[in-house]
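Following: one structure in structure tokens, then a few remarks.
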Amino acid sequence: MDRETALRLYEVMLLTRLMEERLVKLFRQGRTMGSVYRSLGQEATACATAMALGPDDVIAPLIRNLGSMFVRGVTPREIFLQYLGRATGPTGGREHNNHFGSVERGIIAPTSMLGALIPVMAGVALSFRQKGERRVAMTWIGDGGSSTGAFYEGLNFAVVQKLPLIVVGEANGYAFSTPPERQMPGKMAQRSQGAFTMTVDGNDAAAVYAAAAEARQHCLEGKGPAFLVCETFRMSGHAEHDDQRYVDPALLAQWAEKDPLPRFVAWMVHRGWKTDNSLSERLAARLEAAAESALKEPWPKADTLIQGVFSR
């Protein structure tokens, strides 16, 4: 990773954290449509993996992969408009959270059906091969989501067909409130079904980036899909309505010491790459301006409710 990429990666990780903090405030004020599902403590998995892709590759993020959308050019204002349900938002107030796509930016819309994006992205990867295009598809899945049938069916298809698909496994400690040992035998990496598999420290952004770059090269060489397991931890509840009382405070304290943001700063400092001391302040001001602007936007009109709805 060169200096420019490293600084960009840190900015996106920090933007993700600050963005989610601002969304939490809006949620507690009763202004968001639905809850807020944070990626606190695991920002490196989404940001660094997406950063390692090429401009023509395609991603399909999950609810905690907001950072990957920022990497692809989604703006904070778009996110605020979406969460606030405004008519001028990406889905016109018909969805919430980060549930929207952008084909021109290589983003397939997230879905709440965990595991469902893996067969979808296997299909996307299949289209790349059929067209002879050197492109890769990437999606993410949690340890709980890897217990779904769609995960197994999609990854199995990709393995058999040797498709250029990267599945990022976010082993973040809990499937809602259920720890991995109560819903799977062994480690998440054992669920690869023959895919090229790597396990990496998910809180080490530089290591995640390097592993994702290796996984991408593996796919481009026609060797089939890659399963990249990032061992990390979800430092907040399943969503803001979950107080996380089922997690041992000592475990949270242990993982807090592995926070990916200061770790990455230390990694850059070790290489003599200084970060901008005013970056956090500038990003916070940018987010505040975007939030205030989004709050002034209109609500959807009732007579537009059936627009974009398809029937037989």
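Order determines the names: the first chain of the structure tokens is A, the second B, and so forth; residues in each chain are numbered 1 upward, and ligands are numbered 1 upward as they are shown.
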Long-range neighbours of A:Ala212 as a PDB file with C-alpha atoms, in the first residue's frame, 12 Å cut-off, only C-alpha atoms, 5 positions minimum in chain:
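For reference, out-v1.pdb as written:
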ATOM      1  CA  MET A   1       0.000   0.000   0.000  1.00  0.00           C
ATOM      2  CA  ALA A  44     -11.326  -1.923   8.497  1.00  0.00           C
ATOM      3  CA  THR A  45     -13.034  -5.015   7.081  1.00  0.00           C
ATOM      4  CA  ALA A  46     -15.383  -3.076   4.794  1.00  0.00           C
ATOM      5  CA  CYS A  47     -13.109  -0.171   3.917  1.00  0.00           C
ATOM      6  CA  ALA A  48      -9.838  -2.007   3.307  1.00  0.00           C
ATOM      7  CA  THR A  49     -11.370  -4.851   1.283  1.00  0.00           C
ATOM      8  CA  ALA A  50     -13.248  -2.434  -0.981  1.00  0.00           C
ATOM      9  CA  MET A  51     -10.160  -0.255  -1.333  1.00  0.00           C
ATOM     10  CA  ALA A  52      -8.200  -3.210  -2.704  1.00  0.00           C
ATOM     11  CA  LEU A  53     -10.559  -3.624  -5.674  1.00  0.00           C
ATOM     12  CA  GLY A  54     -10.235  -2.162  -9.147  1.00  0.00           C
ATOM     13  CA  VAL A 136     -14.162  -9.301  -9.685  1.00  0.00           C
ATOM     14  CA  ALA A 137     -17.342  -9.359  -7.603  1.00  0.00           C
ATOM     15  CA  MET A 138     -17.221  -8.903  -3.817  1.00  0.00           C
ATOM     16  CA  THR A 139     -19.748  -9.253  -1.034  1.00  0.00           C
ATOM     17  CA  LEU A 165     -15.984 -13.881  -6.488  1.00  0.00           C
ATOM     18  CA  ILE A 166     -14.582 -12.692  -3.161  1.00  0.00           C
ATOM     19  CA  VAL A 167     -16.701 -13.427  -0.104  1.00  0.00           C
ATOM     20  CA  VAL A 168     -15.512 -11.485   2.933  1.00  0.00           C
ATOM     21  CA  GLY A 169     -16.436 -13.292   6.129  1.00  0.00           C
ATOM     22  CA  PHE A 196      -9.261 -20.357  -1.634  1.00  0.00           C
ATOM     23  CA  THR A 197      -9.362 -19.297   2.014  1.00  0.00           C
ATOM     24  CA  MET A 198      -7.435 -16.782   4.087  1.00  0.00           C
ATOM     25  CA  THR A 199      -7.898 -15.676   7.678  1.00  0.00           C
ATOM     26  CA  VAL A 200      -6.645 -12.258   8.686  1.00  0.00           C
ATOM     27  CA  GLY A 202      -9.776  -7.861  10.714  1.00  0.00           C
ATOM     28  CA  ALA A 205      -6.390  -2.460   8.030  1.00  0.00           C
ATOM     29  CA  ALA A 206      -3.050  -2.923   6.261  1.00  0.00           C
ATOM     30  CA  ALA A 207      -3.246  -6.710   6.594  1.00  0.00           C
ATOM     31  CA  GLN A 217      -5.350 -11.492  -7.946  1.00  0.00           C
ATOM     32  CA  HIS A 218      -6.329 -15.106  -7.280  1.00  0.00           C
ATOM     33  CA  CYS A 219      -9.707 -14.463  -8.899  1.00  0.00           C
ATOM     34  CA  PRO A 225     -13.491 -17.687  -5.658  1.00  0.00           C
ATOM     35  CA  ALA A 226     -11.773 -16.548  -2.469  1.00  0.00           C
ATOM     36  CA  PHE A 227     -13.147 -16.671   1.061  1.00  0.00           C
ATOM     37  CA  LEU A 228     -11.459 -13.974   3.156  1.00  0.00           C
ATOM     38  CA  VAL A 229     -12.258 -14.332   6.856  1.00  0.00           C
ATOM     39  CA  CYS A 230     -11.631 -11.175   8.891  1.00  0.00           C
TER      40      CYS A 230
END
List the neighbours of A:Ala291 out to 10 Å using only C-alpha atoms; skip same-chain residues closer than 2 positions along the sequence, and give me the result as a PDB file with N, CA and C atoms, in the first residue's frame.
ATOM      1  N   MET A  19     -19.700   9.306  10.664  1.00  0.00           N
ATOM      2  CA  MET A  19     -21.019   9.269  10.043  1.00  0.00           C
ATOM      3  C   MET A  19     -21.992   8.492  10.917  1.00  0.00           C
ATOM      4  N   ARG A  22     -23.049  10.375  13.974  1.00  0.00           N
ATOM      5  CA  ARG A  22     -24.072  11.405  13.688  1.00  0.00           C
ATOM      6  C   ARG A  22     -25.431  10.763  13.453  1.00  0.00           C
ATOM      7  N   LEU A  23     -25.442   9.599  12.812  1.00  0.00           N
ATOM      8  CA  LEU A  23     -26.708   8.896  12.597  1.00  0.00           C
ATOM      9  C   LEU A  23     -27.328   8.440  13.914  1.00  0.00           C
ATOM     10  N   LEU A  26     -29.231  11.283  15.367  1.00  0.00           N
ATOM     11  CA  LEU A  26     -30.508  11.471  14.674  1.00  0.00           C
ATOM     12  C   LEU A  26     -31.515  10.394  15.081  1.00  0.00           C
ATOM     13  N   PRO A  76     -21.951  11.406   2.027  1.00  0.00           N
ATOM     14  CA  PRO A  76     -22.685  11.471   3.288  1.00  0.00           C
ATOM     15  C   PRO A  76     -24.100  12.022   3.120  1.00  0.00           C
ATOM     16  N   ARG A  77     -24.283  12.982   2.224  1.00  0.00           N
ATOM     17  CA  ARG A  77     -25.623  13.549   2.029  1.00  0.00           C
ATOM     18  C   ARG A  77     -26.600  12.486   1.534  1.00  0.00           C
ATOM     19  N   GLU A  78     -26.147  11.628   0.638  1.00  0.00           N
ATOM     20  CA  GLU A  78     -27.006  10.545   0.168  1.00  0.00           C
ATOM     21  C   GLU A  78     -27.419   9.641   1.326  1.00  0.00           C
ATOM     22  N   ILE A  79     -26.484   9.342   2.206  1.00  0.00           N
ATOM     23  CA  ILE A  79     -26.773   8.470   3.342  1.00  0.00           C
ATOM     24  C   ILE A  79     -27.766   9.138   4.293  1.00  0.00           C
ATOM     25  N   PHE A  80     -27.560  10.417   4.577  1.00  0.00           N
ATOM     26  CA  PHE A  80     -28.496  11.127   5.455  1.00  0.00           C
ATOM     27  C   PHE A  80     -29.898  11.149   4.845  1.00  0.00           C
ATOM     28  N   LEU A  81     -29.997  11.465   3.567  1.00  0.00           N
ATOM     29  CA  LEU A  81     -31.301  11.498   2.903  1.00  0.00           C
ATOM     30  C   LEU A  81     -31.992  10.150   2.973  1.00  0.00           C
ATOM     31  N   LEU A  84     -33.150   9.434   6.601  1.00  0.00           N
ATOM     32  CA  LEU A  84     -34.216  10.359   6.982  1.00  0.00           C
ATOM     33  C   LEU A  84     -35.485  10.162   6.157  1.00  0.00           C
ATOM     34  N   ALA A 285     -17.404  18.601  10.453  1.00  0.00           N
ATOM     35  CA  ALA A 285     -18.092  19.786   9.928  1.00  0.00           C
ATOM     36  C   ALA A 285     -18.805  19.462   8.624  1.00  0.00           C
ATOM     37  N   ARG A 286     -18.158  18.665   7.791  1.00  0.00           N
ATOM     38  CA  ARG A 286     -18.778  18.249   6.529  1.00  0.00           C
ATOM     39  C   ARG A 286     -20.043  17.439   6.791  1.00  0.00           C
ATOM     40  N   LEU A 287     -19.979  16.549   7.763  1.00  0.00           N
ATOM     41  CA  LEU A 287     -21.140  15.717   8.091  1.00  0.00           C
ATOM     42  C   LEU A 287     -22.271  16.547   8.683  1.00  0.00           C
ATOM     43  N   GLU A 288     -21.922  17.512   9.516  1.00  0.00           N
ATOM     44  CA  GLU A 288     -22.951  18.364  10.116  1.00  0.00           C
ATOM     45  C   GLU A 288     -23.678  19.171   9.045  1.00  0.00           C
ATOM     46  N   ALA A 289     -22.920  19.698   8.097  1.00  0.00           N
ATOM     47  CA  ALA A 289     -23.525  20.466   7.003  1.00  0.00           C
ATOM     48  C   ALA A 289     -24.421  19.576   6.148  1.00  0.00           C
ATOM     49  N   SER A 293     -28.494  19.951   5.756  1.00  0.00           N
ATOM     50  CA  SER A 293     -29.044  20.096   4.423  1.00  0.00           C
ATOM     51  C   SER A 293     -30.111  19.043   4.152  1.00  0.00           C
ATOM     52  N   ALA A 294     -29.837  17.794   4.555  1.00  0.00           N
ATOM     53  CA  ALA A 294     -30.787  16.711   4.326  1.00  0.00           C
ATOM     54  C   ALA A 294     -32.075  16.900   5.122  1.00  0.00           C
ATOM     55  N   LEU A 295     -31.960  17.438   6.321  1.00  0.00           N
ATOM     56  CA  LEU A 295     -33.139  17.657   7.166  1.00  0.00           C
ATOM     57  C   LEU A 295     -34.105  18.673   6.563  1.00  0.00           C
ATOM     58  N   LYS A 296     -33.614  19.513   5.665  1.00  0.00           N
ATOM     59  CA  LYS A 296     -34.462  20.526   5.038  1.00  0.00           C
ATOM     60  C   LYS A 296     -35.176  20.007   3.795  1.00  0.00           C
TER      61      LYS A 296
END
Run DSSP on the backbone of this structure and report the residues of stretch 124-209 of chain A it assigns to helix (DSSP H, G or I), as a ChimeraX atom specification. /A:124-131,145-147,149-161,180-182,188-191,205-209
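In terms of minimum interatomic distance to A:Gln161, A:Gly224 ranks closest within A:Pro260, A:Gly224, A:Gly132, A:Pro249, counting only C-alpha atoms.
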Please list as a PDB file with N, CA and C atoms, in the first residue's frame every residue within 9 Å of stretch 119-131 of chain A, counting only C-alpha atoms and excluding residues in the same chain fewer than 5 positions away.
ATOM      1  N   VAL A  58     -17.184  -4.970  -8.846  1.00  0.00           N
ATOM      2  CA  VAL A  58     -18.532  -4.690  -8.333  1.00  0.00           C
ATOM      3  C   VAL A  58     -18.662  -5.200  -6.903  1.00  0.00           C
ATOM      4  N   ILE A  59     -19.303  -4.406  -6.046  1.00  0.00           N
ATOM      5  CA  ILE A  59     -19.501  -4.804  -4.653  1.00  0.00           C
ATOM      6  C   ILE A  59     -20.989  -4.900  -4.324  1.00  0.00           C
ATOM      7  N   ALA A  60     -21.289  -5.693  -3.311  1.00  0.00           N
ATOM      8  CA  ALA A  60     -22.652  -5.791  -2.774  1.00  0.00           C
ATOM      9  C   ALA A  60     -22.532  -5.772  -1.258  1.00  0.00           C
ATOM     10  N   ILE A 108     -24.154  -3.050  -5.955  1.00  0.00           N
ATOM     11  CA  ILE A 108     -25.425  -3.767  -5.971  1.00  0.00           C
ATOM     12  C   ILE A 108     -26.094  -3.519  -4.615  1.00  0.00           C
ATOM     13  N   VAL A 136     -13.898  -8.475 -10.868  1.00  0.00           N
ATOM     14  CA  VAL A 136     -14.162  -9.301  -9.685  1.00  0.00           C
ATOM     15  C   VAL A 136     -15.417  -8.790  -8.980  1.00  0.00           C
ATOM     16  N   ALA A 137     -16.176  -9.709  -8.419  1.00  0.00           N
ATOM     17  CA  ALA A 137     -17.342  -9.359  -7.603  1.00  0.00           C
ATOM     18  C   ALA A 137     -16.997  -9.609  -6.134  1.00  0.00           C
ATOM     19  N   MET A 138     -17.501  -8.753  -5.250  1.00  0.00           N
ATOM     20  CA  MET A 138     -17.221  -8.903  -3.817  1.00  0.00           C
ATOM     21  C   MET A 138     -18.487  -8.666  -3.009  1.00  0.00           C
ATOM     22  N   THR A 139     -18.689  -9.504  -1.994  1.00  0.00           N
ATOM     23  CA  THR A 139     -19.748  -9.253  -1.034  1.00  0.00           C
ATOM     24  C   THR A 139     -19.275  -9.705   0.341  1.00  0.00           C
ATOM     25  N   ALA A 150     -28.455 -19.965   1.622  1.00  0.00           N
ATOM     26  CA  ALA A 150     -28.010 -19.161   0.473  1.00  0.00           C
ATOM     27  C   ALA A 150     -26.490 -19.025   0.455  1.00  0.00           C
ATOM     28  N   PHE A 151     -25.881 -18.922   1.633  1.00  0.00           N
ATOM     29  CA  PHE A 151     -24.422 -18.844   1.710  1.00  0.00           C
ATOM     30  C   PHE A 151     -23.793 -20.083   1.081  1.00  0.00           C
ATOM     31  N   TYR A 152     -24.259 -21.248   1.490  1.00  0.00           N
ATOM     32  CA  TYR A 152     -23.697 -22.501   0.996  1.00  0.00           C
ATOM     33  C   TYR A 152     -23.970 -22.700  -0.488  1.00  0.00           C
ATOM     34  N   GLU A 153     -25.182 -22.416  -0.912  1.00  0.00           N
ATOM     35  CA  GLU A 153     -25.534 -22.614  -2.319  1.00  0.00           C
ATOM     36  C   GLU A 153     -24.747 -21.668  -3.232  1.00  0.00           C
ATOM     37  N   GLY A 154     -24.671 -20.399  -2.828  1.00  0.00           N
ATOM     38  CA  GLY A 154     -23.965 -19.423  -3.651  1.00  0.00           C
ATOM     39  C   GLY A 154     -22.482 -19.679  -3.731  1.00  0.00           C
ATOM     40  N   LEU A 155     -21.862 -19.968  -2.586  1.00  0.00           N
ATOM     41  CA  LEU A 155     -20.420 -20.199  -2.580  1.00  0.00           C
ATOM     42  C   LEU A 155     -20.083 -21.515  -3.281  1.00  0.00           C
ATOM     43  N   PHE A 157     -21.695 -22.859  -5.780  1.00  0.00           N
ATOM     44  CA  PHE A 157     -21.797 -22.603  -7.212  1.00  0.00           C
ATOM     45  C   PHE A 157     -20.548 -21.902  -7.722  1.00  0.00           C
ATOM     46  N   ALA A 158     -20.079 -20.905  -6.941  1.00  0.00           N
ATOM     47  CA  ALA A 158     -18.885 -20.159  -7.346  1.00  0.00           C
ATOM     48  C   ALA A 158     -17.647 -21.050  -7.377  1.00  0.00           C
ATOM     49  N   GLN A 161     -17.913 -23.490 -10.419  1.00  0.00           N
ATOM     50  CA  GLN A 161     -17.749 -22.770 -11.684  1.00  0.00           C
ATOM     51  C   GLN A 161     -16.449 -21.959 -11.758  1.00  0.00           C
ATOM     52  N   LYS A 162     -15.695 -21.936 -10.667  1.00  0.00           N
ATOM     53  CA  LYS A 162     -14.434 -21.175 -10.596  1.00  0.00           C
ATOM     54  C   LYS A 162     -14.656 -19.707 -10.973  1.00  0.00           C
ATOM     55  N   LEU A 163     -15.568 -19.084 -10.274  1.00  0.00           N
ATOM     56  CA  LEU A 163     -15.959 -17.709 -10.586  1.00  0.00           C
ATOM     57  C   LEU A 163     -15.091 -16.697  -9.841  1.00  0.00           C
ATOM     58  N   PRO A 164     -14.906 -15.499 -10.403  1.00  0.00           N
ATOM     59  CA  PRO A 164     -14.111 -14.440  -9.752  1.00  0.00           C
ATOM     60  C   PRO A 164     -14.926 -13.710  -8.675  1.00  0.00           C
ATOM     61  N   LEU A 165     -15.173 -14.408  -7.588  1.00  0.00           N
ATOM     62  CA  LEU A 165     -15.984 -13.881  -6.488  1.00  0.00           C
ATOM     63  C   LEU A 165     -15.173 -13.892  -5.200  1.00  0.00           C
ATOM     64  N   GLY A 222      -8.148 -16.666 -12.735  1.00  0.00           N
ATOM     65  CA  GLY A 222      -9.060 -17.732 -13.114  1.00  0.00           C
ATOM     66  C   GLY A 222      -9.039 -18.939 -12.208  1.00  0.00           C
TER      67      GLY A 222
END
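Between atom CA of A:Gln183 and atom CA of A:Gly67 the separation is 27.6 Å.
Compared by their closest atoms to A:Asp243, and using only C-alpha atoms, the residues A:Tyr10, A:Phe176, A:Phe100, A:Phe70 rank with A:Phe176 nearest.
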Stretch 66-159 of chain A: which residues are strand (DSSP E or B) by DSSP, as a compact mmCIF listing (two decimals) with C-alpha atoms, in the first residue's frame?
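Done, and the output landed in result_8.txt:
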# COMPACT_ATOMS: atom_id res chain seq x y z
CA SER A 102 -25.60 2.51 -7.76
CA ILE A 107 -22.70 -1.12 -6.14
CA ALA A 137 -17.34 -9.36 -7.60
CA MET A 138 -17.22 -8.90 -3.82
CA THR A 139 -19.75 -9.25 -1.03
CA TRP A 140 -19.68 -9.67 2.75
CA ILE A 141 -21.27 -12.05 5.25
CA GLY A 142 -21.25 -12.33 9.04
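The space separating atom CA of A:Ala213 from atom CA of A:Leu66 comes to 19.8 Å.
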Residue nearest A:Pro262 among A:Tyr246, A:Leu14, A:Asp2, A:Met235 (counting only C-alpha atoms): A:Leu14
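Coordinates place atom CA of A:Gln193 at a distance of 16.9 Å from atom CA of A:Ala171.
Of the listed residues (A:Arg72, A:Arg64, A:His99, A:Arg234), A:Arg234 comes nearest to A:Trp255; the distances count only C-alpha atoms.
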